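Trainee: Have a look at the structure that comes next, please.
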Amino acid sequence: MRLKLVPEQTKFDFFSRPVLWLGISAVLIALALASFGLRGLNYGIDFRGGTTIRTETSVQVDVGQYRDALAALELGDVVISEVFDPNFRDDQNVAMIRIGAQDGEEAVSTEVIEQARLALAEVAPDIKFVSVESVGPKVSGELIRTAAIAVMLAIGAVLIYVWLRFEWQFAVGAVAALVHDVVLTIGIFSELQIRFDLAIIAALLTIVGYSLNDTVVVFDRVRENLIKFKSLTLKDVLNLSINETLSRTFMTSVTTLLALIALFVLGGDVIRGFVFAMIWGVIVGTYSSIFVASTILMRLGVKRDWSKPVDTTGNQFGDIDA
(Lines give C-alpha, C1' and ligand atoms only; values in the text may rest on other atoms or scores of the structure.)
Protein backbone atom coordinates (compact mmCIF):
# COMPACT_ATOMS: atom_id res chain seq x y z
CA MET A 1 0.00 0.00 0.00
CA ARG A 2 1.48 3.34 -1.08
CA LEU A 3 1.51 6.35 1.18
CA LYS A 4 -0.53 9.20 -0.30
CA LEU A 5 -0.26 12.55 1.43
CA VAL A 6 -2.27 14.16 -1.37
CA PRO A 7 -4.85 12.42 -3.57
CA GLU A 8 -3.70 11.78 -7.12
CA GLN A 9 -6.60 13.82 -8.49
CA THR A 10 -7.51 17.11 -6.83
CA LYS A 11 -9.71 19.99 -7.95
CA PHE A 12 -8.65 22.89 -5.76
CA ASP A 13 -9.30 26.40 -7.05
CA PHE A 14 -6.02 28.18 -6.33
CA PHE A 15 -7.08 31.41 -8.01
CA SER A 16 -10.44 32.13 -6.44
CA ARG A 17 -8.80 35.02 -4.55
CA PRO A 18 -5.63 35.98 -6.45
CA VAL A 19 -5.59 39.52 -5.02
CA LEU A 20 -5.58 38.08 -1.50
CA TRP A 21 -2.51 35.89 -2.13
CA LEU A 22 -0.57 38.69 -3.80
CA GLY A 23 -1.65 41.05 -1.03
CA ILE A 24 -0.36 38.68 1.67
CA SER A 25 2.96 38.38 -0.14
CA ALA A 26 3.20 42.15 -0.57
CA VAL A 27 2.56 42.73 3.16
CA LEU A 28 5.16 40.11 4.15
CA ILE A 29 7.73 41.65 1.79
CA ALA A 30 7.02 45.11 3.22
CA LEU A 31 7.48 43.80 6.77
CA ALA A 32 10.71 42.05 5.77
CA LEU A 33 12.12 45.20 4.19
CA ALA A 34 11.04 47.28 7.18
CA SER A 35 12.75 44.88 9.59
CA PHE A 36 15.90 44.90 7.48
CA GLY A 37 15.91 48.70 7.35
CA LEU A 38 15.26 49.18 11.06
CA ARG A 39 17.10 46.28 12.67
CA GLY A 40 19.53 45.13 10.00
CA LEU A 41 21.13 41.70 10.03
CA ASN A 42 23.08 40.01 12.78
CA TYR A 43 26.22 39.55 10.69
CA GLY A 44 28.48 36.68 11.65
CA ILE A 45 32.26 36.63 11.68
CA ASP A 46 32.43 36.20 7.91
CA PHE A 47 30.87 39.62 7.36
CA ARG A 48 31.79 41.48 10.53
CA GLY A 49 35.42 40.46 10.83
CA GLY A 50 37.21 38.66 13.60
CA THR A 51 39.92 36.14 14.39
CA THR A 52 40.29 32.51 13.36
CA ILE A 53 42.34 30.21 15.58
CA ARG A 54 43.49 26.76 14.51
CA THR A 55 44.10 24.49 17.48
CA GLU A 56 45.82 21.13 17.78
CA THR A 57 45.82 18.63 20.63
CA SER A 58 46.22 14.92 21.31
CA VAL A 59 42.91 14.92 23.22
CA GLN A 60 39.73 14.22 21.26
CA VAL A 61 38.00 17.47 20.34
CA ASP A 62 34.71 18.04 22.16
CA VAL A 63 33.02 21.08 20.62
CA GLY A 64 30.59 21.37 23.52
CA GLN A 65 33.38 21.45 26.12
CA TYR A 66 35.32 23.99 24.07
CA ARG A 67 32.25 26.21 23.88
CA ASP A 68 31.59 25.93 27.61
CA ALA A 69 35.21 26.77 28.39
CA LEU A 70 35.09 29.94 26.29
CA ALA A 71 31.62 30.99 27.44
CA ALA A 72 32.97 32.46 30.69
CA LEU A 73 35.15 34.90 28.68
CA GLU A 74 32.04 36.48 27.11
CA LEU A 75 33.65 36.82 23.70
CA GLY A 76 30.36 37.28 21.85
CA ASP A 77 30.03 35.45 18.54
CA VAL A 78 32.15 32.27 18.71
CA VAL A 79 31.99 29.45 16.15
CA ILE A 80 33.80 26.18 16.86
CA SER A 81 34.16 23.29 14.44
CA GLU A 82 36.28 20.15 14.36
CA VAL A 83 38.55 19.65 11.34
CA PHE A 84 38.80 16.19 9.78
CA ASP A 85 41.58 15.10 7.44
CA PRO A 86 42.58 11.53 6.53
CA ASN A 87 46.22 12.64 6.58
CA PHE A 88 46.09 13.56 10.27
CA ARG A 89 47.90 11.33 12.75
CA ASP A 90 45.86 9.36 15.27
CA ASP A 91 46.89 11.75 18.03
CA GLN A 92 46.35 14.89 15.91
CA ASN A 93 43.00 16.47 16.71
CA VAL A 94 42.38 19.82 15.06
CA ALA A 95 39.66 22.41 15.61
CA MET A 96 38.87 25.84 14.13
CA ILE A 97 37.69 28.57 16.51
CA ARG A 98 36.33 31.79 15.06
CA ILE A 99 35.85 34.73 17.39
CA GLY A 100 33.95 37.79 16.19
CA ALA A 101 35.62 41.19 16.33
CA GLN A 102 35.01 43.00 19.59
CA ASP A 103 33.33 46.42 19.62
CA GLY A 104 35.69 49.13 18.41
CA GLU A 105 38.43 46.65 17.41
CA GLU A 106 39.26 45.10 14.06
CA ALA A 107 40.55 41.86 15.59
CA VAL A 108 40.76 40.03 18.88
CA SER A 109 43.62 41.29 21.06
CA THR A 110 46.58 39.10 22.04
CA GLU A 111 45.41 39.24 25.65
CA VAL A 112 42.05 37.75 24.73
CA ILE A 113 43.73 35.06 22.65
CA GLU A 114 45.90 34.10 25.60
CA GLN A 115 42.85 33.99 27.87
CA ALA A 116 41.16 31.68 25.37
CA ARG A 117 44.21 29.41 25.30
CA LEU A 118 44.28 29.15 29.09
CA ALA A 119 40.54 28.42 29.21
CA LEU A 120 40.85 25.66 26.61
CA ALA A 121 43.91 24.22 28.41
CA GLU A 122 41.55 23.13 31.18
CA VAL A 123 39.81 20.88 28.64
CA ALA A 124 42.90 19.84 26.66
CA PRO A 125 46.11 20.49 28.65
CA ASP A 126 48.44 20.11 25.66
CA ILE A 127 46.41 22.35 23.31
CA LYS A 128 48.42 24.47 20.90
CA PHE A 129 47.32 27.43 18.78
CA VAL A 130 48.90 26.44 15.46
CA SER A 131 47.80 29.58 13.64
CA VAL A 132 45.95 32.80 14.41
CA GLU A 133 44.51 34.85 11.54
CA SER A 134 42.42 38.02 11.61
CA VAL A 135 39.90 39.35 9.09
CA GLY A 136 39.32 43.10 9.15
CA PRO A 137 36.15 45.03 8.29
CA LYS A 138 37.42 45.93 4.80
CA VAL A 139 37.60 42.29 3.73
CA SER A 140 34.26 41.63 5.40
CA GLY A 141 32.66 44.50 3.45
CA GLU A 142 33.96 43.00 0.22
CA LEU A 143 32.42 39.66 1.19
CA ILE A 144 29.03 41.32 1.72
CA ARG A 145 29.17 42.96 -1.72
CA THR A 146 30.33 39.74 -3.38
CA ALA A 147 27.56 37.76 -1.70
CA ALA A 148 24.91 40.26 -2.82
CA ILE A 149 26.26 40.16 -6.39
CA ALA A 150 26.18 36.34 -6.34
CA VAL A 151 22.49 36.30 -5.38
CA MET A 152 21.57 38.95 -7.96
CA LEU A 153 23.47 37.16 -10.73
CA ALA A 154 21.71 33.90 -9.85
CA ILE A 155 18.31 35.56 -10.11
CA GLY A 156 19.34 37.27 -13.36
CA ALA A 157 20.45 33.94 -14.83
CA VAL A 158 17.08 32.45 -13.88
CA LEU A 159 15.31 35.31 -15.67
CA ILE A 160 17.22 34.65 -18.89
CA TYR A 161 16.82 30.86 -18.62
CA VAL A 162 13.05 30.91 -18.10
CA TRP A 163 12.60 33.62 -20.76
CA LEU A 164 14.40 31.47 -23.33
CA ARG A 165 12.64 28.27 -22.33
CA PHE A 166 9.12 29.69 -22.09
CA GLU A 167 8.04 33.30 -22.69
CA TRP A 168 8.75 36.56 -20.91
CA GLN A 169 5.53 36.33 -18.87
CA PHE A 170 6.72 33.03 -17.38
CA ALA A 171 10.12 34.60 -16.63
CA VAL A 172 8.56 37.55 -14.80
CA GLY A 173 6.46 35.21 -12.66
CA ALA A 174 9.41 32.95 -11.85
CA VAL A 175 11.75 35.82 -10.93
CA ALA A 176 9.06 37.50 -8.83
CA ALA A 177 8.71 34.24 -6.87
CA LEU A 178 12.48 34.03 -6.36
CA VAL A 179 12.75 37.63 -5.18
CA HIS A 180 9.80 36.93 -2.87
CA ASP A 181 11.61 33.92 -1.34
CA VAL A 182 14.96 35.69 -0.92
CA VAL A 183 13.44 38.84 0.62
CA LEU A 184 11.30 36.87 3.08
CA THR A 185 14.29 34.75 4.10
CA ILE A 186 16.42 37.83 4.75
CA GLY A 187 13.46 39.35 6.59
CA ILE A 188 13.04 36.41 8.97
CA PHE A 189 16.77 36.46 9.74
CA SER A 190 16.55 40.19 10.43
CA GLU A 191 13.48 39.87 12.65
CA LEU A 192 14.81 36.94 14.68
CA GLN A 193 18.40 38.26 14.64
CA ILE A 194 19.78 34.86 13.68
CA ARG A 195 23.47 34.94 12.78
CA PHE A 196 23.89 35.75 9.08
CA ASP A 197 27.11 34.42 7.52
CA LEU A 198 28.40 32.89 4.30
CA ALA A 199 26.53 29.64 5.02
CA ILE A 200 23.26 31.60 4.79
CA ILE A 201 24.31 32.96 1.39
CA ALA A 202 24.77 29.35 0.30
CA ALA A 203 21.30 28.63 1.67
CA LEU A 204 19.82 31.55 -0.29
CA LEU A 205 21.33 30.26 -3.54
CA THR A 206 20.03 26.76 -2.74
CA ILE A 207 16.58 28.19 -2.07
CA VAL A 208 16.68 29.93 -5.46
CA GLY A 209 17.40 26.60 -7.14
CA TYR A 210 14.76 24.72 -5.15
CA SER A 211 12.05 27.29 -5.77
CA LEU A 212 12.93 27.49 -9.46
CA ASN A 213 12.67 23.71 -9.77
CA ASP A 214 9.14 23.77 -8.34
CA THR A 215 8.12 26.67 -10.57
CA VAL A 216 9.52 25.13 -13.76
CA VAL A 217 7.69 21.84 -13.07
CA VAL A 218 4.39 23.75 -12.86
CA PHE A 219 5.20 25.92 -15.90
CA ASP A 220 6.11 22.86 -17.98
CA ARG A 221 2.72 21.35 -17.24
CA VAL A 222 1.04 24.69 -18.01
CA ARG A 223 2.72 24.82 -21.40
CA GLU A 224 1.66 21.26 -22.17
CA ASN A 225 -1.94 21.93 -21.13
CA LEU A 226 -2.11 25.17 -23.13
CA ILE A 227 -1.53 23.04 -26.21
CA LYS A 228 -3.68 20.14 -25.09
CA PHE A 229 -6.76 22.04 -23.91
CA LYS A 230 -7.46 24.68 -26.52
CA SER A 231 -10.78 25.89 -25.17
CA LEU A 232 -9.91 26.40 -21.51
CA THR A 233 -9.24 29.82 -20.03
CA LEU A 234 -5.76 30.52 -18.66
CA LYS A 235 -7.12 30.39 -15.11
CA ASP A 236 -8.54 26.90 -15.72
CA VAL A 237 -5.31 25.72 -17.34
CA LEU A 238 -3.27 26.98 -14.38
CA ASN A 239 -5.62 25.35 -11.87
CA LEU A 240 -5.51 22.07 -13.80
CA SER A 241 -1.71 22.15 -14.07
CA ILE A 242 -1.13 22.89 -10.39
CA ASN A 243 -3.58 20.20 -9.31
CA GLU A 244 -1.85 17.68 -11.59
CA THR A 245 1.57 18.47 -10.07
CA LEU A 246 0.35 19.03 -6.51
CA SER A 247 1.05 15.49 -5.29
CA ARG A 248 4.61 15.65 -6.61
CA THR A 249 5.19 19.12 -5.14
CA PHE A 250 3.81 18.18 -1.73
CA MET A 251 5.73 14.89 -1.49
CA THR A 252 8.99 16.58 -2.52
CA SER A 253 8.54 19.36 0.04
CA VAL A 254 7.56 17.01 2.89
CA THR A 255 10.46 14.60 2.33
CA THR A 256 12.90 17.52 2.08
CA LEU A 257 11.51 19.01 5.29
CA LEU A 258 11.85 15.70 7.13
CA ALA A 259 15.56 15.59 6.34
CA LEU A 260 16.04 19.26 7.21
CA ILE A 261 14.18 19.01 10.52
CA ALA A 262 16.38 16.05 11.49
CA LEU A 263 19.47 18.12 10.70
CA PHE A 264 18.09 21.09 12.61
CA VAL A 265 17.49 19.00 15.73
CA LEU A 266 20.58 16.78 15.60
CA GLY A 267 23.05 18.68 13.43
CA GLY A 268 24.44 21.01 16.07
CA ASP A 269 24.94 24.74 16.29
CA VAL A 270 27.37 25.04 13.38
CA ILE A 271 24.83 24.28 10.64
CA ARG A 272 21.64 25.30 12.46
CA GLY A 273 21.38 28.69 10.75
CA PHE A 274 21.85 27.14 7.31
CA VAL A 275 19.25 24.44 7.99
CA PHE A 276 16.75 26.97 9.38
CA ALA A 277 17.12 29.04 6.20
CA MET A 278 16.50 25.93 4.10
CA ILE A 279 13.40 24.95 6.09
CA TRP A 280 11.97 28.44 5.71
CA GLY A 281 12.98 28.49 2.03
CA VAL A 282 11.23 25.21 1.26
CA ILE A 283 8.01 26.49 2.83
CA VAL A 284 7.95 29.90 1.16
CA GLY A 285 9.33 28.44 -2.08
CA THR A 286 6.46 25.97 -2.34
CA TYR A 287 3.99 28.75 -1.56
CA SER A 288 5.48 31.17 -4.09
CA SER A 289 5.55 28.59 -6.89
CA ILE A 290 1.76 28.27 -6.63
CA PHE A 291 0.45 31.58 -5.34
CA VAL A 292 3.03 34.07 -6.63
CA ALA A 293 4.58 32.84 -9.87
CA SER A 294 1.37 31.34 -11.26
CA THR A 295 -0.83 34.23 -10.12
CA ILE A 296 1.45 36.76 -11.81
CA LEU A 297 1.43 34.62 -14.95
CA MET A 298 -2.38 34.63 -14.90
CA ARG A 299 -2.46 38.41 -14.51
CA LEU A 300 0.01 38.98 -17.36
CA GLY A 301 -1.50 36.41 -19.71
CA VAL A 302 0.32 34.37 -22.35
CA LYS A 303 -0.15 33.77 -26.05
CA ARG A 304 -1.07 30.47 -27.64
CA ASP A 305 0.29 31.78 -30.90
CA TRP A 306 1.93 35.03 -31.98
CA SER A 307 -1.32 36.73 -32.92
CA LYS A 308 -3.96 35.81 -30.33
CA PRO A 309 -3.14 36.61 -26.71
CA VAL A 310 -4.85 34.89 -23.85
CA ASP A 311 -7.81 36.82 -22.44
CA THR A 312 -7.39 36.77 -18.67
CA THR A 313 -10.96 38.04 -18.08
CA GLY A 314 -12.43 34.59 -18.60
CA ASN A 315 -13.01 34.43 -22.37
CA GLN A 316 -11.73 31.40 -24.19
CA PHE A 317 -8.41 31.28 -26.04
CA GLY A 318 -8.03 31.57 -29.72
CA ASP A 319 -6.81 28.72 -31.90
CA ILE A 320 -3.33 27.34 -31.57
CA ASP A 321 -0.85 26.14 -34.09
CA ALA A 322 0.29 22.91 -32.47
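Please note that chains go A, B, ... in the order of the C-alpha coordinates, that every chain numbers its residues from 1, and that ligands are numbered from 1 in the order shown.
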For segment 145-158 of chain A, please output as a PyMOL selection string all residues within 9 Å (counting only C-alpha atoms; exclusion window: fewer than 3 positions along the same chain).

Mentor: chain A and resi 140-142+161-163+171+174-175+178-179+182+198+201+204-205+208-209+212

Trainee: Based on DSSP run over this structure's backbone, return all residues of segment 8-203 of chain A in alpha helix (DSSP H), as a PyMOL selection string.

Mentor: chain A and resi 18-39+45-48+63-71+110-121+137-165+168-192+198-203

Trainee: Just the strand (DSSP E or B) stuff from segment 58-167 of chain A, please, per backbone DSSP, written as a PyMOL selection string.

Mentor: chain A and resi 78-83+93-100+128-135

Trainee: Taking 5 positions as the minimum chain separation for residues in the same chain, which residues sit within 10 Å of Asn42 of chain A when counting only C-alpha atoms? Answer as a ChimeraX atom specification.

Mentor: /A:47-48,189-197

Trainee: Choose the residue, out of A:Ile296, A:Val59, A:Val183, A:Leu258, that has the smallest atom-to-atom separation from Asp126 of chain A; count only C-alpha atoms.

Mentor: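 The answer is A:Val59, which sits nearest to Asp126 of chain A.
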
Trainee: Name the residues in contact with Phe129 of chain A at a cut-off of 8 Å, using only C-alpha atoms, excluding same-chain residues fewer than 2 positions from it; report them as a ChimeraX atom specification.

Mentor: /A:53-56,117,127,131-132

Trainee: Just to be explicit: take each residue in the selection above, keep all heavy atoms, and write the result as a PDB file, in the first residue's frame.

Mentor:
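Below you can see selection.pdb, which holds the result:
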```pdb
ATOM      1  N   ILE A  53      41.259  30.913  14.883  1.00  0.00           N
ATOM      2  CA  ILE A  53      42.337  30.209  15.581  1.00  0.00           C
ATOM      3  C   ILE A  53      42.268  28.732  15.219  1.00  0.00           C
ATOM      4  O   ILE A  53      41.211  28.104  15.326  1.00  0.00           O
ATOM      5  CB  ILE A  53      42.211  30.380  17.106  1.00  0.00           C
ATOM      6  CG1 ILE A  53      42.201  31.866  17.485  1.00  0.00           C
ATOM      7  CG2 ILE A  53      43.331  29.641  17.818  1.00  0.00           C
ATOM      8  CD1 ILE A  53      41.867  32.112  18.950  1.00  0.00           C
ATOM      9  N   ARG A  54      43.396  28.188  14.808  1.00  0.00           N
ATOM     10  CA  ARG A  54      43.487  26.762  14.508  1.00  0.00           C
ATOM     11  C   ARG A  54      44.205  26.088  15.674  1.00  0.00           C
ATOM     12  O   ARG A  54      45.348  26.449  15.997  1.00  0.00           O
ATOM     13  CB  ARG A  54      44.252  26.528  13.202  1.00  0.00           C
ATOM     14  CG  ARG A  54      44.353  25.060  12.775  1.00  0.00           C
ATOM     15  CD  ARG A  54      45.185  24.948  11.508  1.00  0.00           C
ATOM     16  NE  ARG A  54      45.395  23.570  11.100  1.00  0.00           N
ATOM     17  CZ  ARG A  54      44.642  22.919  10.230  1.00  0.00           C
ATOM     18  NH1 ARG A  54      43.620  23.536   9.667  1.00  0.00           N
ATOM     19  NH2 ARG A  54      44.904  21.664   9.897  1.00  0.00           N
ATOM     20  N   THR A  55      43.520  25.155  16.314  1.00  0.00           N
ATOM     21  CA  THR A  55      44.098  24.494  17.483  1.00  0.00           C
ATOM     22  C   THR A  55      44.476  23.054  17.154  1.00  0.00           C
ATOM     23  O   THR A  55      43.926  22.453  16.225  1.00  0.00           O
ATOM     24  CB  THR A  55      43.113  24.494  18.663  1.00  0.00           C
ATOM     25  OG1 THR A  55      42.023  23.600  18.367  1.00  0.00           O
ATOM     26  CG2 THR A  55      42.573  25.888  18.918  1.00  0.00           C
ATOM     27  N   GLU A  56      45.413  22.520  17.953  1.00  0.00           N
ATOM     28  CA  GLU A  56      45.821  21.132  17.779  1.00  0.00           C
ATOM     29  C   GLU A  56      46.102  20.533  19.151  1.00  0.00           C
ATOM     30  O   GLU A  56      46.737  21.168  20.005  1.00  0.00           O
ATOM     31  CB  GLU A  56      47.064  21.054  16.892  1.00  0.00           C
ATOM     32  CG  GLU A  56      47.483  19.635  16.558  1.00  0.00           C
ATOM     33  CD  GLU A  56      48.648  19.585  15.581  1.00  0.00           C
ATOM     34  OE1 GLU A  56      48.647  20.389  14.616  1.00  0.00           O
ATOM     35  OE2 GLU A  56      49.559  18.749  15.798  1.00  0.00           O
ATOM     36  N   ARG A 117      43.325  30.573  25.237  1.00  0.00           N
ATOM     37  CA  ARG A 117      44.213  29.409  25.298  1.00  0.00           C
ATOM     38  C   ARG A 117      44.217  28.798  26.700  1.00  0.00           C
ATOM     39  O   ARG A 117      44.159  27.578  26.870  1.00  0.00           O
ATOM     40  CB  ARG A 117      45.631  29.803  24.889  1.00  0.00           C
ATOM     41  CG  ARG A 117      46.575  28.605  24.710  1.00  0.00           C
ATOM     42  CD  ARG A 117      48.001  29.057  24.544  1.00  0.00           C
ATOM     43  NE  ARG A 117      48.498  29.675  25.784  1.00  0.00           N
ATOM     44  CZ  ARG A 117      48.900  28.984  26.846  1.00  0.00           C
ATOM     45  NH1 ARG A 117      48.867  27.646  26.850  1.00  0.00           N
ATOM     46  NH2 ARG A 117      49.325  29.605  27.923  1.00  0.00           N
ATOM     47  N   ILE A 127      46.911  21.643  24.482  1.00  0.00           N
ATOM     48  CA  ILE A 127      46.406  22.346  23.312  1.00  0.00           C
ATOM     49  C   ILE A 127      47.403  23.396  22.827  1.00  0.00           C
ATOM     50  O   ILE A 127      48.067  24.069  23.631  1.00  0.00           O
ATOM     51  CB  ILE A 127      45.040  23.003  23.616  1.00  0.00           C
ATOM     52  CG1 ILE A 127      44.358  23.437  22.316  1.00  0.00           C
ATOM     53  CG2 ILE A 127      45.191  24.177  24.575  1.00  0.00           C
ATOM     54  CD1 ILE A 127      42.902  23.803  22.472  1.00  0.00           C
ATOM     55  N   SER A 131      47.828  28.350  14.433  1.00  0.00           N
ATOM     56  CA  SER A 131      47.798  29.584  13.642  1.00  0.00           C
ATOM     57  C   SER A 131      46.694  30.486  14.152  1.00  0.00           C
ATOM     58  O   SER A 131      45.656  30.011  14.624  1.00  0.00           O
ATOM     59  CB  SER A 131      47.587  29.277  12.153  1.00  0.00           C
ATOM     60  OG  SER A 131      46.312  28.705  11.934  1.00  0.00           O
ATOM     61  N   VAL A 132      46.930  31.784  14.029  1.00  0.00           N
ATOM     62  CA  VAL A 132      45.946  32.795  14.415  1.00  0.00           C
ATOM     63  C   VAL A 132      45.872  33.814  13.276  1.00  0.00           C
ATOM     64  O   VAL A 132      46.874  34.453  12.952  1.00  0.00           O
ATOM     65  CB  VAL A 132      46.330  33.496  15.735  1.00  0.00           C
ATOM     66  CG1 VAL A 132      45.295  34.555  16.077  1.00  0.00           C
ATOM     67  CG2 VAL A 132      46.466  32.486  16.868  1.00  0.00           C
TER      68      VAL A 132
END
```

Trainee: Return the single residue from A:Ala71, A:Ala116, A:Val282, A:Ile80 that is closest to Gly268 of chain A, with distances computed using only C-alpha atoms.

Mentor: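 Closest residue, counting only C-alpha atoms: A:Ile80.
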